[in-house]
$ cat coords.cif   # mmCIF, C-alpha atoms
data_input
#
loop_
_atom_site.label_atom_id
_atom_site.label_comp_id
_atom_site.auth_asym_id
_atom_site.auth_seq_id
_atom_site.Cartn_x
_atom_site.Cartn_y
_atom_site.Cartn_z
CA MET S 1 0.00 0.00 0.00
CA LYS S 2 1.82 3.10 -1.26
CA VAL S 3 0.33 6.40 -0.12
CA GLU S 4 1.84 9.88 -0.17
CA LEU S 5 1.07 12.06 2.84
CA ALA S 6 2.46 15.54 3.49
CA VAL S 7 3.01 15.79 7.24
CA GLU S 8 4.67 18.59 9.17
CA PRO S 9 7.15 17.42 11.82
CA LEU S 10 5.60 17.11 15.27
CA GLY S 11 8.12 19.54 16.72
CA SER S 12 6.86 22.31 14.44
CA TRP S 13 3.47 22.43 16.16
CA ILE S 14 4.05 20.99 19.66
CA GLU S 15 7.04 22.14 21.71
CA THR S 16 8.46 19.35 23.86
CA ASN S 17 12.04 20.61 24.31
CA GLY S 18 13.34 17.28 23.10
CA LYS S 19 11.38 15.25 25.63
CA PRO S 20 8.74 12.56 24.85
CA LEU S 21 5.36 14.11 24.18
CA ILE S 22 2.90 13.73 27.06
CA ILE S 23 -0.81 14.50 26.67
CA ALA S 24 -2.83 14.22 29.88
CA GLY S 25 -6.13 15.22 31.38
CA PRO S 26 -9.53 13.94 32.48
CA CYS S 27 -11.50 11.60 30.25
CA SER S 28 -14.31 14.14 30.35
CA ALA S 29 -14.72 17.71 31.51
CA GLU S 30 -17.44 17.35 34.14
CA THR S 31 -17.19 20.58 36.15
CA GLU S 32 -15.21 23.78 35.84
CA ASP S 33 -13.42 23.21 39.15
CA GLN S 34 -12.49 19.65 38.19
CA LEU S 35 -11.03 20.69 34.86
CA VAL S 36 -9.17 23.78 36.01
CA GLU S 37 -7.73 22.12 39.13
CA THR S 38 -6.60 19.11 37.10
CA ALA S 39 -4.96 21.42 34.57
CA ARG S 40 -3.16 23.29 37.36
CA GLN S 41 -1.80 20.09 38.86
CA LEU S 42 -0.66 18.83 35.47
CA LYS S 43 1.11 22.13 34.87
CA GLU S 44 2.91 21.78 38.21
CA LEU S 45 4.35 18.43 37.11
CA ASP S 46 6.36 20.29 34.47
CA ALA S 47 6.17 17.22 32.25
CA VAL S 48 2.86 17.60 30.38
CA HIS S 49 2.83 19.32 27.00
CA VAL S 50 -0.86 19.19 26.09
CA ILE S 51 -4.02 18.96 28.21
CA ARG S 52 -6.97 16.96 26.95
CA ALA S 53 -10.55 16.45 28.06
CA GLY S 54 -13.66 15.07 26.43
CA VAL S 55 -16.44 17.56 25.85
CA TRP S 56 -18.58 15.37 23.61
CA LYS S 57 -18.59 11.71 24.69
CA PRO S 58 -19.96 9.09 22.28
CA ARG S 59 -21.85 6.39 24.16
CA THR S 60 -23.16 3.05 22.97
CA ARG S 61 -26.62 3.58 24.44
CA PRO S 62 -28.63 6.74 25.12
CA GLY S 63 -29.12 7.90 28.67
CA SER S 64 -25.45 7.73 29.63
CA PHE S 65 -23.38 10.84 30.30
CA GLU S 66 -22.48 12.22 26.87
CA GLY S 67 -20.38 15.17 27.94
CA MET S 68 -21.15 18.77 28.86
CA GLY S 69 -20.89 20.01 25.29
CA GLU S 70 -20.48 23.72 24.60
CA ALA S 71 -20.95 24.54 28.29
CA ALA S 72 -17.49 23.07 28.99
CA LEU S 73 -15.65 25.08 26.36
CA PRO S 74 -15.35 28.27 28.49
CA TRP S 75 -13.79 26.08 31.19
CA ILE S 76 -11.15 25.11 28.67
CA GLN S 77 -10.49 28.77 27.95
CA ARG S 78 -9.91 29.37 31.66
CA ALA S 79 -7.66 26.31 32.01
CA LYS S 80 -5.58 27.46 29.05
CA ALA S 81 -5.31 30.99 30.44
CA GLU S 82 -4.14 29.75 33.84
CA THR S 83 -1.64 27.15 32.60
CA GLY S 84 -0.48 28.41 29.23
CA LEU S 85 -0.73 24.86 27.89
CA PRO S 86 -2.45 23.96 24.61
CA PHE S 87 -5.69 21.99 24.79
CA ALA S 88 -6.98 19.03 22.77
CA VAL S 89 -10.62 17.98 22.34
CA GLU S 90 -12.35 15.16 20.48
CA VAL S 91 -14.66 16.18 17.64
CA ALA S 92 -17.11 14.02 15.73
CA THR S 93 -19.23 16.48 13.72
CA PRO S 94 -18.75 19.73 11.80
CA GLU S 95 -20.62 21.52 14.59
CA HIS S 96 -18.09 20.22 17.13
CA ILE S 97 -15.27 21.61 14.98
CA GLU S 98 -16.92 25.01 14.66
CA LEU S 99 -17.46 25.30 18.40
CA ALA S 100 -14.02 23.98 19.36
CA LEU S 101 -12.29 26.50 17.12
CA LYS S 102 -14.59 29.30 18.29
CA TYR S 103 -13.41 28.73 21.87
CA GLY S 104 -9.73 28.44 20.99
CA VAL S 105 -9.12 24.69 21.19
CA ASP S 106 -5.61 24.09 19.86
CA ILE S 107 -5.67 20.44 18.76
CA LEU S 108 -8.55 18.29 17.54
CA TRP S 109 -8.70 14.52 17.72
CA ILE S 110 -10.93 12.05 15.93
CA GLY S 111 -12.05 9.20 18.16
CA ALA S 112 -12.00 5.48 17.49
CA ARG S 113 -15.75 5.28 16.96
CA THR S 114 -15.60 8.04 14.37
CA THR S 115 -12.63 6.62 12.47
CA VAL S 116 -14.66 3.51 11.60
CA ASN S 117 -17.16 5.57 9.57
CA PRO S 118 -15.76 6.98 6.29
CA PHE S 119 -18.87 9.13 5.76
CA ASN S 120 -18.38 10.73 9.16
CA VAL S 121 -14.65 11.26 8.57
CA GLN S 122 -15.37 12.88 5.20
CA GLU S 123 -17.84 15.30 6.80
CA ILE S 124 -15.15 16.27 9.29
CA ALA S 125 -12.61 16.66 6.48
CA ASP S 126 -14.97 18.92 4.55
CA ALA S 127 -15.49 21.07 7.65
CA LEU S 128 -11.71 21.41 8.09
CA ARG S 129 -11.01 22.80 4.61
CA GLY S 130 -9.20 26.11 4.91
CA VAL S 131 -8.47 25.57 8.61
CA ASP S 132 -4.93 25.34 10.00
CA VAL S 133 -5.24 23.12 13.05
CA PRO S 134 -3.46 19.94 14.17
CA VAL S 135 -5.58 16.78 13.95
CA LEU S 136 -4.85 13.52 15.74
CA ILE S 137 -6.62 10.38 14.54
CA LYS S 138 -7.20 7.40 16.80
CA ASN S 139 -7.14 3.90 15.38
CA PRO S 140 -10.58 2.44 14.64
CA VAL S 141 -12.18 0.34 17.37
CA ASN S 142 -11.61 -2.87 15.41
CA PRO S 143 -8.26 -3.82 13.82
CA ASP S 144 -8.84 -2.49 10.30
CA LEU S 145 -5.72 -0.78 8.98
CA ALA S 146 -7.43 0.43 5.79
CA LEU S 147 -9.93 2.47 7.81
CA TRP S 148 -7.11 4.12 9.74
CA VAL S 149 -5.17 4.88 6.56
CA GLY S 150 -8.32 6.14 4.83
CA ALA S 151 -9.03 8.57 7.64
CA PHE S 152 -5.60 10.14 7.18
CA GLU S 153 -6.09 10.34 3.43
CA ARG S 154 -9.42 12.12 3.88
CA ILE S 155 -8.17 14.63 6.45
CA ALA S 156 -4.96 15.27 4.50
CA GLY S 157 -7.08 15.75 1.38
CA ALA S 158 -8.71 18.70 3.13
CA GLY S 159 -5.31 20.41 3.39
CA ILE S 160 -4.48 19.43 6.96
CA ASN S 161 -0.78 18.57 7.30
CA LYS S 162 -0.31 18.81 11.06
CA LEU S 163 -1.25 15.21 11.62
CA GLY S 164 -0.60 12.54 14.19
CA ALA S 165 -1.87 9.03 14.94
CA ILE S 166 -3.07 7.84 18.33
CA HIS S 167 -2.61 4.13 18.97
CA ARG S 168 -5.19 3.31 21.65
CA GLY S 169 -5.48 -0.43 21.13
CA PHE S 170 -8.20 -2.54 19.51
CA ALA S 171 -11.33 -4.38 20.55
CA THR S 172 -10.98 -8.03 19.58
CA GLY S 173 -13.92 -9.66 21.34
CA GLU S 174 -11.52 -11.91 23.22
CA ALA S 175 -10.90 -11.90 26.97
CA THR S 176 -7.45 -10.42 27.68
CA LYS S 177 -5.82 -8.52 30.50
CA TYR S 178 -6.09 -5.35 28.41
CA ARG S 179 -9.10 -3.16 27.89
CA ASN S 180 -7.99 -2.70 24.27
CA VAL S 181 -5.33 -5.04 22.88
CA PRO S 182 -2.26 -3.10 21.64
CA MET S 183 -1.68 -5.18 18.50
CA TRP S 184 1.64 -3.45 17.92
CA GLN S 185 2.00 -4.84 14.41
CA MET S 186 -0.90 -2.63 13.28
CA ALA S 187 0.91 0.52 14.45
CA ILE S 188 4.13 -0.69 12.83
CA GLU S 189 2.31 -1.25 9.53
CA LEU S 190 0.84 2.25 9.70
CA LYS S 191 4.34 3.65 10.26
CA SER S 192 5.63 1.71 7.27
CA ILE S 193 2.94 3.32 5.11
CA PHE S 194 3.43 6.82 6.55
CA PRO S 195 7.06 6.91 7.80
CA GLN S 196 6.87 10.63 8.62
CA LEU S 197 3.66 10.31 10.66
CA PRO S 198 4.11 10.65 14.45
CA ILE S 199 2.38 7.88 16.41
CA ILE S 200 1.32 8.62 19.98
CA GLY S 201 0.66 5.76 22.39
CA ASP S 202 -2.47 5.90 24.57
CA PRO S 203 -1.66 3.58 27.48
CA SER S 204 -4.82 4.44 29.43
CA HIS S 205 -7.17 3.08 26.78
CA MET S 206 -4.97 0.06 26.18
CA ALA S 207 -4.59 -0.85 29.84
CA GLY S 208 -7.94 0.05 31.34
CA LYS S 209 -6.38 -0.34 34.80
CA ARG S 210 -4.35 2.15 36.78
CA ALA S 211 -1.96 -0.57 37.99
CA TYR S 212 -0.69 -1.17 34.46
CA LEU S 213 0.34 2.46 34.12
CA ASN S 214 2.70 2.54 37.09
#

$ encode --input "coords.cif" --output "structure tokens"
Amino acid sequence: MKVELAVEPLGSWIETNGKPLIIAGPCSAETEDQLVETARQLKELDAVHVIRAGVWKPRTRPGSFEGMGEAALPWIQRAKAETGLPFAVEVATPEHIELALKYGVDILWIGARTTVNPFNVQEIADALRGVDVPVLIKNPVNPDLALWVGAFERIAGAGINKLGAIHRGFATGEATKYRNVPMWQMAIELKSIFPQLPIIGDPSHMAGKRAYLN
């Protein structure tokens, strides 16, 4: 599979001072105090380069907590102002993109459940035309390399060249000690297709247990 992809070096849009990139933050922004206090503590570690938090949370069934939506975006503005750190948010619709950019979100990411749907990814790509913003793309829920590659092709086709992959593991339907099985070969194959593409590991989603992160 030979694919050309123009990608700007990671260091040109995230400053890490030569250290491994660390993105950290709550799974979801639930209250202003929770988000801002978490951001402050992460800043104090002097090791985190980007703060993340879910604002829109895709759930399998209705009735579950699906995020605070636009109400949480001013909290992000405050957290950014107090820490000086860039902020990343998951987007799944053109409306999400519009709102995230309106409130100054620095980095967008496409979640695993969105990556599996080419129609959805294309809608996001169309909404990103003419926008200069970094986009991180998580691997699809299931181990389908073509879907992951296709998502990058679609987003790159919209003129986005600040790109990165997030390897968060895969659902296999088998009982394992991991929440999402790493399947490292899939990430290696992606790197062989896009050698210049930075790949960021997401140990929290892979492990599913705090003990594995120590």

$ residues_near_point --input "coords.cif" --point "(-6.3, -3.1, 23.2)" --cutoff "9 Å" --atoms "all atoms listed in the file" --output "list of chain:residue names"
S:Val141, S:Arg168, S:Gly169, S:Phe170, S:Ala171, S:Thr172, S:Thr176, S:Tyr178, S:Arg179, S:Asn180, S:Val181, S:Pro182, S:Met183, S:His205, S:Met206, S:Ala207, S:Gly208

$ atom_distance --input "coords.cif" --atom1 "atom CA of S:Gly164" --atom2 "atom CA of S:Arg61"
29.4 Å

$ closest_residue --input "coords.cif" --among "S:Lys80, S:Glu44, S:Ala100, S:Thr114" --to "S:Pro58" --atoms "all atoms listed in the file"
S:Thr114

$ residues_around --input "coords.cif" --residues "S:Glu82" --least-positions-apart "3" --cutoff "12 Å" --atoms "all atoms listed in the file" --output "MDAnalysis selection string"
chainID S and resid 35:44 75:79 85:86

$ closest_residue --input "coords.cif" --among "S:Phe152, S:Leu108, S:Pro143, S:Ala211" --to "S:Val131" --atoms "only C-alpha atoms"
S:Leu108

$ closest_residue --input "coords.cif" --among "S:Ala47, S:Ala112, S:Leu197, S:Ala29" --to "S:Val89" --atoms "all atoms listed in the file"
S:Ala29

$ residues_near_point --input "coords.cif" --point "(2.8, 7.3, 9.9)" --cutoff "12 Å" --atoms "only C-alpha atoms" --output "mmCIF file with C-alpha atoms, in the coordinates of the input"
data_model
loop_
_atom_site.group_PDB
_atom_site.id
_atom_site.type_symbol
_atom_site.label_atom_id
_atom_site.label_comp_id
_atom_site.auth_asym_id
_atom_site.auth_seq_id
_atom_site.Cartn_x
_atom_site.Cartn_y
_atom_site.Cartn_z
ATOM 1 C CA LYS S 2 1.820 3.100 -1.260
ATOM 2 C CA VAL S 3 0.330 6.400 -0.120
ATOM 3 C CA GLU S 4 1.840 9.880 -0.170
ATOM 4 C CA LEU S 5 1.070 12.060 2.840
ATOM 5 C CA ALA S 6 2.460 15.540 3.490
ATOM 6 C CA VAL S 7 3.010 15.790 7.240
ATOM 7 C CA GLU S 8 4.670 18.590 9.170
ATOM 8 C CA PRO S 9 7.150 17.420 11.820
ATOM 9 C CA LEU S 10 5.600 17.110 15.270
ATOM 10 C CA LEU S 136 -4.850 13.520 15.740
ATOM 11 C CA ILE S 137 -6.620 10.380 14.540
ATOM 12 C CA ASN S 139 -7.140 3.900 15.380
ATOM 13 C CA LEU S 145 -5.720 -0.780 8.980
ATOM 14 C CA TRP S 148 -7.110 4.120 9.740
ATOM 15 C CA VAL S 149 -5.170 4.880 6.560
ATOM 16 C CA PHE S 152 -5.600 10.140 7.180
ATOM 17 C CA GLU S 153 -6.090 10.340 3.430
ATOM 18 C CA LYS S 162 -0.310 18.810 11.060
ATOM 19 C CA LEU S 163 -1.250 15.210 11.620
ATOM 20 C CA GLY S 164 -0.600 12.540 14.190
ATOM 21 C CA ALA S 165 -1.870 9.030 14.940
ATOM 22 C CA ILE S 166 -3.070 7.840 18.330
ATOM 23 C CA HIS S 167 -2.610 4.130 18.970
ATOM 24 C CA MET S 186 -0.900 -2.630 13.280
ATOM 25 C CA ALA S 187 0.910 0.520 14.450
ATOM 26 C CA ILE S 188 4.130 -0.690 12.830
ATOM 27 C CA GLU S 189 2.310 -1.250 9.530
ATOM 28 C CA LEU S 190 0.840 2.250 9.700
ATOM 29 C CA LYS S 191 4.340 3.650 10.260
ATOM 30 C CA SER S 192 5.630 1.710 7.270
ATOM 31 C CA ILE S 193 2.940 3.320 5.110
ATOM 32 C CA PHE S 194 3.430 6.820 6.550
ATOM 33 C CA PRO S 195 7.060 6.910 7.800
ATOM 34 C CA GLN S 196 6.870 10.630 8.620
ATOM 35 C CA LEU S 197 3.660 10.310 10.660
ATOM 36 C CA PRO S 198 4.110 10.650 14.450
ATOM 37 C CA ILE S 199 2.380 7.880 16.410
ATOM 38 C CA ILE S 200 1.320 8.620 19.980
#

$ resolve_selection --input "coords.cif" --expression "the PyMOL selection byres ((chain S and resi 159) around 9)" --output "PDB file with C-alpha atoms, keeping the file's coordinate frame"
ATOM      1  CA  ALA S 125     -12.610  16.660   6.480  1.00  0.00           C
ATOM      2  CA  LEU S 128     -11.710  21.410   8.090  1.00  0.00           C
ATOM      3  CA  ARG S 129     -11.010  22.800   4.610  1.00  0.00           C
ATOM      4  CA  GLY S 130      -9.200  26.110   4.910  1.00  0.00           C
ATOM      5  CA  VAL S 131      -8.470  25.570   8.610  1.00  0.00           C
ATOM      6  CA  ASP S 132      -4.930  25.340  10.000  1.00  0.00           C
ATOM      7  CA  ILE S 155      -8.170  14.630   6.450  1.00  0.00           C
ATOM      8  CA  ALA S 156      -4.960  15.270   4.500  1.00  0.00           C
ATOM      9  CA  GLY S 157      -7.080  15.750   1.380  1.00  0.00           C
ATOM     10  CA  ALA S 158      -8.710  18.700   3.130  1.00  0.00           C
ATOM     11  CA  ILE S 160      -4.480  19.430   6.960  1.00  0.00           C
ATOM     12  CA  ASN S 161      -0.780  18.570   7.300  1.00  0.00           C
TER      13      ASN S 161
END

$ resolve_selection --input "coords.cif" --expression "the PyMOL selection byres ((chain S and resi 27) around 8)" --output "mmCIF file with C-alpha atoms, keeping the file's coordinate frame"
data_model
loop_
_atom_site.group_PDB
_atom_site.id
_atom_site.type_symbol
_atom_site.label_atom_id
_atom_site.label_comp_id
_atom_site.auth_asym_id
_atom_site.auth_seq_id
_atom_site.Cartn_x
_atom_site.Cartn_y
_atom_site.Cartn_z
ATOM 1 C CA GLY S 25 -6.130 15.220 31.380
ATOM 2 C CA PRO S 26 -9.530 13.940 32.480
ATOM 3 C CA SER S 28 -14.310 14.140 30.350
ATOM 4 C CA ALA S 29 -14.720 17.710 31.510
ATOM 5 C CA ARG S 52 -6.970 16.960 26.950
ATOM 6 C CA ALA S 53 -10.550 16.450 28.060
ATOM 7 C CA GLY S 54 -13.660 15.070 26.430
#

$ closest_residue --input "coords.cif" --among "S:Pro118, S:Gly173, S:Gly150, S:Gly84" --to "S:Asp46" --atoms "all atoms listed in the file"
S:Gly84

$ closest_residue --input "coords.cif" --among "S:Val48, S:Met68, S:Leu73, S:Ile107" --to "S:Pro20" --atoms "only C-alpha atoms"
S:Val48
